[in-house]
file run_30.txt (compact mmCIF, C-alpha atoms and all ligand atoms)
# COMPACT_ATOMS: atom_id res chain seq x y z
CA MET A 167 -115.84 18.25 -40.44
CA ALA A 168 -117.97 17.83 -43.56
CA ASP A 169 -119.32 20.90 -45.38
CA LEU A 170 -122.51 22.41 -44.05
CA PHE A 171 -125.68 23.45 -45.86
CA LYS A 172 -128.77 25.38 -44.84
CA LEU A 173 -131.76 23.33 -43.72
CA LYS A 174 -135.14 24.95 -43.28
CA ILE A 175 -138.23 23.06 -42.19
CA ILE A 176 -141.53 24.89 -42.23
CA THR A 177 -144.92 23.67 -41.02
CA PRO A 178 -148.23 25.45 -41.76
CA ASP A 179 -147.97 27.52 -38.57
CA LYS A 180 -144.25 28.02 -37.90
CA THR A 181 -140.60 27.58 -38.80
CA PHE A 182 -140.02 24.17 -37.25
CA TYR A 183 -136.25 24.21 -37.72
CA GLU A 184 -133.61 26.41 -39.31
CA GLY A 185 -129.88 25.85 -39.15
CA ASP A 186 -126.58 24.91 -40.79
CA VAL A 187 -126.28 21.14 -40.86
CA GLU A 188 -123.96 18.40 -42.05
CA MET A 189 -126.57 15.86 -43.11
CA VAL A 190 -130.29 15.18 -42.96
CA GLU A 191 -131.98 11.80 -43.23
CA LEU A 192 -135.65 11.29 -44.03
CA THR A 193 -138.10 9.02 -45.79
CA THR A 194 -139.66 9.87 -49.15
CA THR A 195 -142.20 7.94 -51.22
CA GLU A 196 -139.14 6.64 -53.16
CA GLY A 197 -137.39 5.39 -50.01
CA GLN A 198 -134.97 6.67 -47.41
CA ILE A 199 -132.51 9.40 -48.35
CA GLY A 200 -129.50 11.03 -46.70
CA ILE A 201 -128.53 14.48 -47.96
CA TYR A 202 -125.16 16.18 -47.64
CA ALA A 203 -124.03 19.58 -48.97
CA ARG A 204 -123.92 19.89 -52.76
CA HIS A 205 -126.51 17.20 -53.35
CA ILE A 206 -127.94 17.21 -56.86
CA PRO A 207 -131.18 19.22 -57.14
CA LEU A 208 -134.20 17.11 -56.27
CA THR A 209 -137.81 17.39 -55.22
CA ALA A 210 -139.62 14.54 -53.49
CA ILE A 211 -142.75 13.70 -51.54
CA VAL A 212 -142.25 12.97 -47.84
CA ALA A 213 -143.50 9.65 -46.45
CA PRO A 214 -143.94 9.08 -42.70
CA GLY A 215 -140.55 8.46 -41.09
CA VAL A 216 -137.97 9.53 -38.57
CA LEU A 217 -136.19 12.75 -39.52
CA THR A 218 -132.58 12.86 -38.32
CA ILE A 219 -130.68 16.15 -38.42
CA HIS A 220 -126.90 15.89 -38.05
CA GLU A 221 -125.48 19.15 -36.70
CA GLY A 222 -121.82 18.11 -36.61
CA SER A 223 -121.44 16.06 -33.44
CA GLU A 224 -125.06 16.69 -32.36
CA LYS A 225 -127.97 14.65 -33.70
CA ARG A 226 -131.64 15.64 -33.43
CA GLU A 227 -134.64 13.49 -34.23
CA ALA A 228 -138.23 14.37 -35.06
CA ALA A 229 -141.28 12.69 -36.56
CA LEU A 230 -141.85 13.86 -40.14
CA LEU A 231 -145.25 12.63 -41.26
CA SER A 232 -145.98 14.31 -44.59
CA GLY A 233 -144.91 17.11 -46.89
CA PHE A 234 -142.46 17.91 -49.69
CA ILE A 235 -138.72 18.38 -49.87
CA GLN A 236 -136.73 20.60 -52.21
CA VAL A 237 -133.00 19.97 -52.44
CA LEU A 238 -130.68 22.61 -53.90
CA PRO A 239 -126.85 22.41 -53.65
CA GLU A 240 -126.59 24.96 -50.80
CA GLN A 241 -130.07 24.82 -49.27
CA VAL A 242 -132.64 22.17 -48.42
CA THR A 243 -136.24 23.12 -47.66
CA ILE A 244 -138.81 20.77 -46.19
CA MET A 245 -142.39 21.96 -46.44
CA ALA A 246 -143.86 19.73 -43.78
CA GLU A 247 -147.56 19.29 -43.36
CA ILE A 248 -146.90 17.58 -40.00
CA ALA A 249 -143.62 17.48 -38.06
CA GLU A 250 -143.21 16.91 -34.32
CA TRP A 251 -140.31 16.99 -31.85
CA PRO A 252 -140.29 14.04 -29.37
CA GLU A 253 -141.62 16.17 -26.51
CA GLU A 254 -144.61 17.26 -28.62
CA ILE A 255 -145.79 13.69 -29.16
CA ASP A 256 -148.61 12.32 -27.02
CA GLU A 257 -147.56 8.70 -26.56
CA ASN A 258 -150.99 7.44 -25.46
CA ARG A 259 -152.66 9.02 -28.43
CA ALA A 260 -150.13 7.38 -30.76
CA MET A 261 -150.68 3.99 -29.06
CA GLU A 262 -154.44 4.36 -29.52
CA ALA A 263 -154.00 5.34 -33.17
CA LYS A 264 -151.79 2.26 -33.67
CA VAL A 265 -154.36 -0.12 -32.13
CA ARG A 266 -157.17 1.49 -34.16
CA ALA A 267 -155.24 1.19 -37.43
CA GLU A 268 -154.21 -2.41 -36.74
CA ARG A 269 -157.81 -3.35 -35.94
CA ARG A 270 -158.99 -1.80 -39.21
CA LEU A 271 -156.30 -3.56 -41.21
CA LYS A 272 -157.08 -6.95 -39.63
CA SER A 273 -160.84 -6.60 -40.11
CA GLY A 274 -160.58 -7.12 -43.87
CA SER A 275 -163.83 -5.16 -44.11
CA ALA A 276 -164.72 -3.75 -47.52
CA GLU A 277 -165.70 -0.54 -45.76
CA VAL A 278 -162.16 0.09 -44.53
CA ASP A 279 -159.86 2.21 -46.66
CA MET A 280 -156.77 0.00 -46.32
CA ALA A 281 -154.31 2.54 -47.73
CA ARG A 282 -155.55 5.13 -45.24
CA ALA A 283 -155.29 2.67 -42.34
CA GLU A 284 -151.77 1.68 -43.42
CA LEU A 285 -150.67 5.32 -43.47
CA ALA A 286 -152.24 5.95 -40.05
CA LEU A 287 -150.39 2.89 -38.70
CA LYS A 288 -147.10 4.19 -40.14
CA ARG A 289 -147.62 7.61 -38.55
CA ALA A 290 -148.35 6.01 -35.18
CA LEU A 291 -145.26 3.76 -35.39
CA VAL A 292 -143.01 6.69 -36.32
CA ARG A 293 -144.37 8.77 -33.41
CA LEU A 294 -143.75 5.89 -31.00
CA GLU A 295 -140.21 5.36 -32.34
CA VAL A 296 -139.32 9.06 -31.99
CA ARG A 297 -140.88 9.25 -28.55
CA GLU A 298 -138.80 6.33 -27.22
P1 LIG A 301 -155.05 10.49 -34.60
O1 LIG A 301 -155.87 9.36 -35.13
O2 LIG A 301 -154.65 10.29 -33.16
O3 LIG A 301 -155.63 11.86 -34.88
P2 LIG A 301 -153.42 10.75 -36.92
O4 LIG A 301 -152.17 10.03 -37.34
O5 LIG A 301 -154.63 10.49 -37.76
O6 LIG A 301 -153.66 10.40 -35.38
P3 LIG A 301 -152.54 13.18 -38.03
O7 LIG A 301 -153.52 13.33 -39.17
O8 LIG A 301 -151.19 12.65 -38.36
O9 LIG A 301 -153.18 12.30 -36.86
O10 LIG A 301 -152.37 14.57 -37.28
C1 LIG A 301 -153.45 15.47 -37.04
C2 LIG A 301 -152.99 16.50 -36.03
O11 LIG A 301 -152.92 15.89 -34.74
C3 LIG A 301 -151.61 17.08 -36.29
O12 LIG A 301 -151.60 18.43 -35.90
C4 LIG A 301 -150.70 16.27 -35.39
O13 LIG A 301 -149.54 16.98 -35.00
C5 LIG A 301 -151.59 15.96 -34.21
N1 LIG A 301 -151.26 14.66 -33.61
C6 LIG A 301 -151.66 13.45 -34.06
N2 LIG A 301 -151.21 12.46 -33.26
C7 LIG A 301 -150.47 13.07 -32.29
C8 LIG A 301 -149.75 12.59 -31.17
N3 LIG A 301 -149.66 11.30 -30.89
N4 LIG A 301 -149.14 13.51 -30.38
C9 LIG A 301 -149.22 14.82 -30.66
N5 LIG A 301 -149.88 15.33 -31.69
C10 LIG A 301 -150.52 14.48 -32.50
call {"tool": "encode", "arguments": {"input": "run_30.txt", "output": "structure tokens", "more": "lines below"}}
Ligand code: ATP
result
Amino acid sequence: MADLFKLKIITPDKTFYEGDVEMVELTTTEGQIGIYARHIPLTAIVAPGVLTIHEGSEKREAALLSGFIQVLPEQVTIMAEIAEWPEEIDENRAMEAKVRAERRLKSGSAEVDMARAELALKRALVRLEVRE
């Protein structure tokens, strides 16, 4: 078994996850990363994506929508603005958010903040993927 490191994920209102893990995968604004024990120190901005926690033979998934990550050789901390386990996701709400964002993006209207709509679409797609 690979070496373990401490992973802590906090959201504004609780400790979302805390445990000794083998690997964690997530998306940052620089792209997707996979972190094992003794990774070089790093800080990054979280982008909407599927968070995968590898606890040895077990694998857990969650939606990680925004926040920051700090990587130290023995400990990784994710300060998540929004993180959700599959059972916390309202699928209908995510579907509606997806349709709304797609409509805004297609409209081409000057009044639509395209970057905001794109981010909302990404969040909805991640929620739907995790919920599946
Ligand atoms: P919506 O347009 O439906 O509000 P959103 O992507 O704009 O979606 P966020 O800004 O990402 O929403 O989240 C705002 C709050 O609502 C957060 O607390 C988040 O956990 C919650 N939330 C948003 N969408 C869902 C969902 N589909 N299921 C459960 N909670 C959700």
call {"tool": "residues_around", "arguments": {"input": "run_30.txt", "residues": "A:Arg204", "least_positions_apart": "4", "cutoff": "9 Å", "atoms": "all atoms listed in the file", "output": "list in words"}}
result
Asp169, Phe171, Leu238, Pro239, Glu240 and Gln241 of chain A
call {"tool": "residues_around", "arguments": {"input": "run_30.txt", "residues": "stretch 225-237 of chain A", "least_positions_apart": "5", "cutoff": "6 Å", "atoms": "only C-alpha atoms", "output": "MDAnalysis selection string"}}
result
chainID A and resid 207:220 242:251 293
call {"tool": "write_last_selection", "arguments": {"input": "run_30.txt", "atoms": "C-alpha atoms", "output": "PDB file, keeping the file's coordinate frame"}}
result
ATOM      1  CA  PRO A 207    -131.180  19.220 -57.140  1.00  0.00           C
ATOM      2  CA  LEU A 208    -134.200  17.110 -56.270  1.00  0.00           C
ATOM      3  CA  THR A 209    -137.810  17.390 -55.220  1.00  0.00           C
ATOM      4  CA  ALA A 210    -139.620  14.540 -53.490  1.00  0.00           C
ATOM      5  CA  ILE A 211    -142.750  13.700 -51.540  1.00  0.00           C
ATOM      6  CA  VAL A 212    -142.250  12.970 -47.840  1.00  0.00           C
ATOM      7  CA  ALA A 213    -143.500   9.650 -46.450  1.00  0.00           C
ATOM      8  CA  PRO A 214    -143.940   9.080 -42.700  1.00  0.00           C
ATOM      9  CA  GLY A 215    -140.550   8.460 -41.090  1.00  0.00           C
ATOM     10  CA  VAL A 216    -137.970   9.530 -38.570  1.00  0.00           C
ATOM     11  CA  LEU A 217    -136.190  12.750 -39.520  1.00  0.00           C
ATOM     12  CA  THR A 218    -132.580  12.860 -38.320  1.00  0.00           C
ATOM     13  CA  ILE A 219    -130.680  16.150 -38.420  1.00  0.00           C
ATOM     14  CA  HIS A 220    -126.900  15.890 -38.050  1.00  0.00           C
ATOM     15  CA  VAL A 242    -132.640  22.170 -48.420  1.00  0.00           C
ATOM     16  CA  THR A 243    -136.240  23.120 -47.660  1.00  0.00           C
ATOM     17  CA  ILE A 244    -138.810  20.770 -46.190  1.00  0.00           C
ATOM     18  CA  MET A 245    -142.390  21.960 -46.440  1.00  0.00           C
ATOM     19  CA  ALA A 246    -143.860  19.730 -43.780  1.00  0.00           C
ATOM     20  CA  GLU A 247    -147.560  19.290 -43.360  1.00  0.00           C
ATOM     21  CA  ILE A 248    -146.900  17.580 -40.000  1.00  0.00           C
ATOM     22  CA  ALA A 249    -143.620  17.480 -38.060  1.00  0.00           C
ATOM     23  CA  GLU A 250    -143.210  16.910 -34.320  1.00  0.00           C
ATOM     24  CA  TRP A 251    -140.310  16.990 -31.850  1.00  0.00           C
ATOM     25  CA  ARG A 293    -144.370   8.770 -33.410  1.00  0.00           C
TER      26      ARG A 293
END
call {"tool": "residues_near_ligand", "arguments": {"input": "run_30.txt", "ligand": "ligand LIG 301 (chain A)", "cutoff": "9 Å", "atoms": "only C-alpha atoms and all ligand atoms", "output": "number ranges by chain"}}
result
A: 231-232, 247-250, 252-264, 266-267, 285-290, 293-294
call {"tool": "closest_residue", "arguments": {"input": "run_30.txt", "among": "A:Glu188, A:Asp179, A:Glu295, A:Glu224", "to": "A:Gly200", "atoms": "all atoms listed in the file"}}
result
A:Glu188
call {"tool": "closest_residue", "arguments": {"input": "run_30.txt", "among": "A:Leu170, A:Ile206, A:Val265, A:Met189", "to": "A:Ala283", "atoms": "only C-alpha atoms"}}
result
A:Val265
call {"tool": "atom_distance", "arguments": {"input": "run_30.txt", "atom1": "atom CA of A:Arg297", "atom2": "atom CA of A:Arg270"}}
result
23.7 Å
call {"tool": "atom_distance", "arguments": {"input": "run_30.txt", "atom1": "atom CA of A:Lys174", "atom2": "atom CA of A:Val190"}}
result
10.9 Å
call {"tool": "atom_distance", "arguments": {"input": "run_30.txt", "atom1": "atom CA of A:Ile175", "atom2": "atom CA of A:Gly197"}}
result
19.3 Å
call {"tool": "decode", "arguments": {"input": "run_30.txt", "residues": "stretch 233-254 of chain A", "atoms": "N, CA, C and O atoms", "output": "compact mmCIF listing (two decimals), in the first residue's frame"}}
result
# COMPACT_ATOMS: atom_id res chain seq x y z
N GLY A 233 -12.98 26.99 -4.01
CA GLY A 233 -12.18 27.05 -2.79
C GLY A 233 -10.69 27.15 -3.10
O GLY A 233 -10.29 27.52 -4.21
N PHE A 234 -9.89 26.78 -2.09
CA PHE A 234 -8.42 26.80 -2.22
C PHE A 234 -7.86 25.50 -1.69
O PHE A 234 -8.47 24.87 -0.84
N ILE A 235 -6.69 25.13 -2.18
CA ILE A 235 -6.02 23.94 -1.65
C ILE A 235 -4.60 24.29 -1.25
O ILE A 235 -3.92 25.07 -1.94
N GLN A 236 -4.19 23.76 -0.09
CA GLN A 236 -2.81 23.93 0.37
C GLN A 236 -2.22 22.54 0.50
O GLN A 236 -2.75 21.68 1.22
N VAL A 237 -1.12 22.31 -0.20
CA VAL A 237 -0.46 21.00 -0.16
C VAL A 237 0.87 21.13 0.59
O VAL A 237 1.72 21.94 0.22
N LEU A 238 1.01 20.35 1.65
CA LEU A 238 2.28 20.24 2.38
C LEU A 238 2.66 18.76 2.33
O LEU A 238 1.79 17.90 2.10
N PRO A 239 3.92 18.39 2.53
CA PRO A 239 4.33 17.00 2.33
C PRO A 239 3.50 15.98 3.12
O PRO A 239 3.22 14.90 2.62
N GLU A 240 3.11 16.32 4.36
CA GLU A 240 2.38 15.35 5.19
C GLU A 240 0.90 15.68 5.36
O GLU A 240 0.18 14.93 5.99
N GLN A 241 0.47 16.82 4.88
CA GLN A 241 -0.92 17.23 5.09
C GLN A 241 -1.45 18.09 3.95
O GLN A 241 -0.78 19.00 3.48
N VAL A 242 -2.67 17.77 3.53
CA VAL A 242 -3.32 18.55 2.48
C VAL A 242 -4.61 19.13 3.05
O VAL A 242 -5.41 18.40 3.65
N THR A 243 -4.79 20.43 2.89
CA THR A 243 -6.00 21.08 3.38
C THR A 243 -6.74 21.72 2.22
O THR A 243 -6.14 22.43 1.42
N ILE A 244 -8.03 21.42 2.13
CA ILE A 244 -8.86 22.07 1.12
C ILE A 244 -9.85 22.96 1.86
O ILE A 244 -10.61 22.49 2.70
N MET A 245 -9.75 24.27 1.59
CA MET A 245 -10.71 25.20 2.16
C MET A 245 -11.77 25.39 1.08
O MET A 245 -11.57 26.14 0.13
N ALA A 246 -12.84 24.65 1.23
CA ALA A 246 -13.87 24.63 0.19
C ALA A 246 -14.95 25.63 0.49
O ALA A 246 -15.44 25.70 1.62
N GLU A 247 -15.29 26.41 -0.50
CA GLU A 247 -16.43 27.31 -0.33
C GLU A 247 -17.71 26.47 -0.45
O GLU A 247 -18.64 26.63 0.31
N ILE A 248 -17.71 25.56 -1.44
CA ILE A 248 -18.85 24.65 -1.63
C ILE A 248 -18.34 23.25 -1.97
O ILE A 248 -17.57 23.07 -2.92
N ALA A 249 -18.77 22.27 -1.16
CA ALA A 249 -18.46 20.86 -1.42
C ALA A 249 -19.69 20.06 -1.02
O ALA A 249 -20.36 20.37 -0.03
N GLU A 250 -20.03 19.06 -1.82
CA GLU A 250 -21.25 18.28 -1.57
C GLU A 250 -21.02 16.79 -1.82
O GLU A 250 -20.47 16.42 -2.86
N TRP A 251 -21.48 15.94 -0.89
CA TRP A 251 -21.51 14.50 -1.12
C TRP A 251 -22.67 14.20 -2.07
O TRP A 251 -23.64 14.98 -2.11
N PRO A 252 -22.61 13.07 -2.80
CA PRO A 252 -23.68 12.76 -3.78
C PRO A 252 -25.08 12.87 -3.20
O PRO A 252 -25.98 13.44 -3.83
N GLU A 253 -25.27 12.36 -1.98
CA GLU A 253 -26.63 12.35 -1.40
C GLU A 253 -27.12 13.73 -1.00
O GLU A 253 -28.30 13.92 -0.72
N GLU A 254 -26.22 14.72 -0.99
CA GLU A 254 -26.63 16.09 -0.65
C GLU A 254 -27.07 16.88 -1.88
O GLU A 254 -27.56 18.00 -1.76
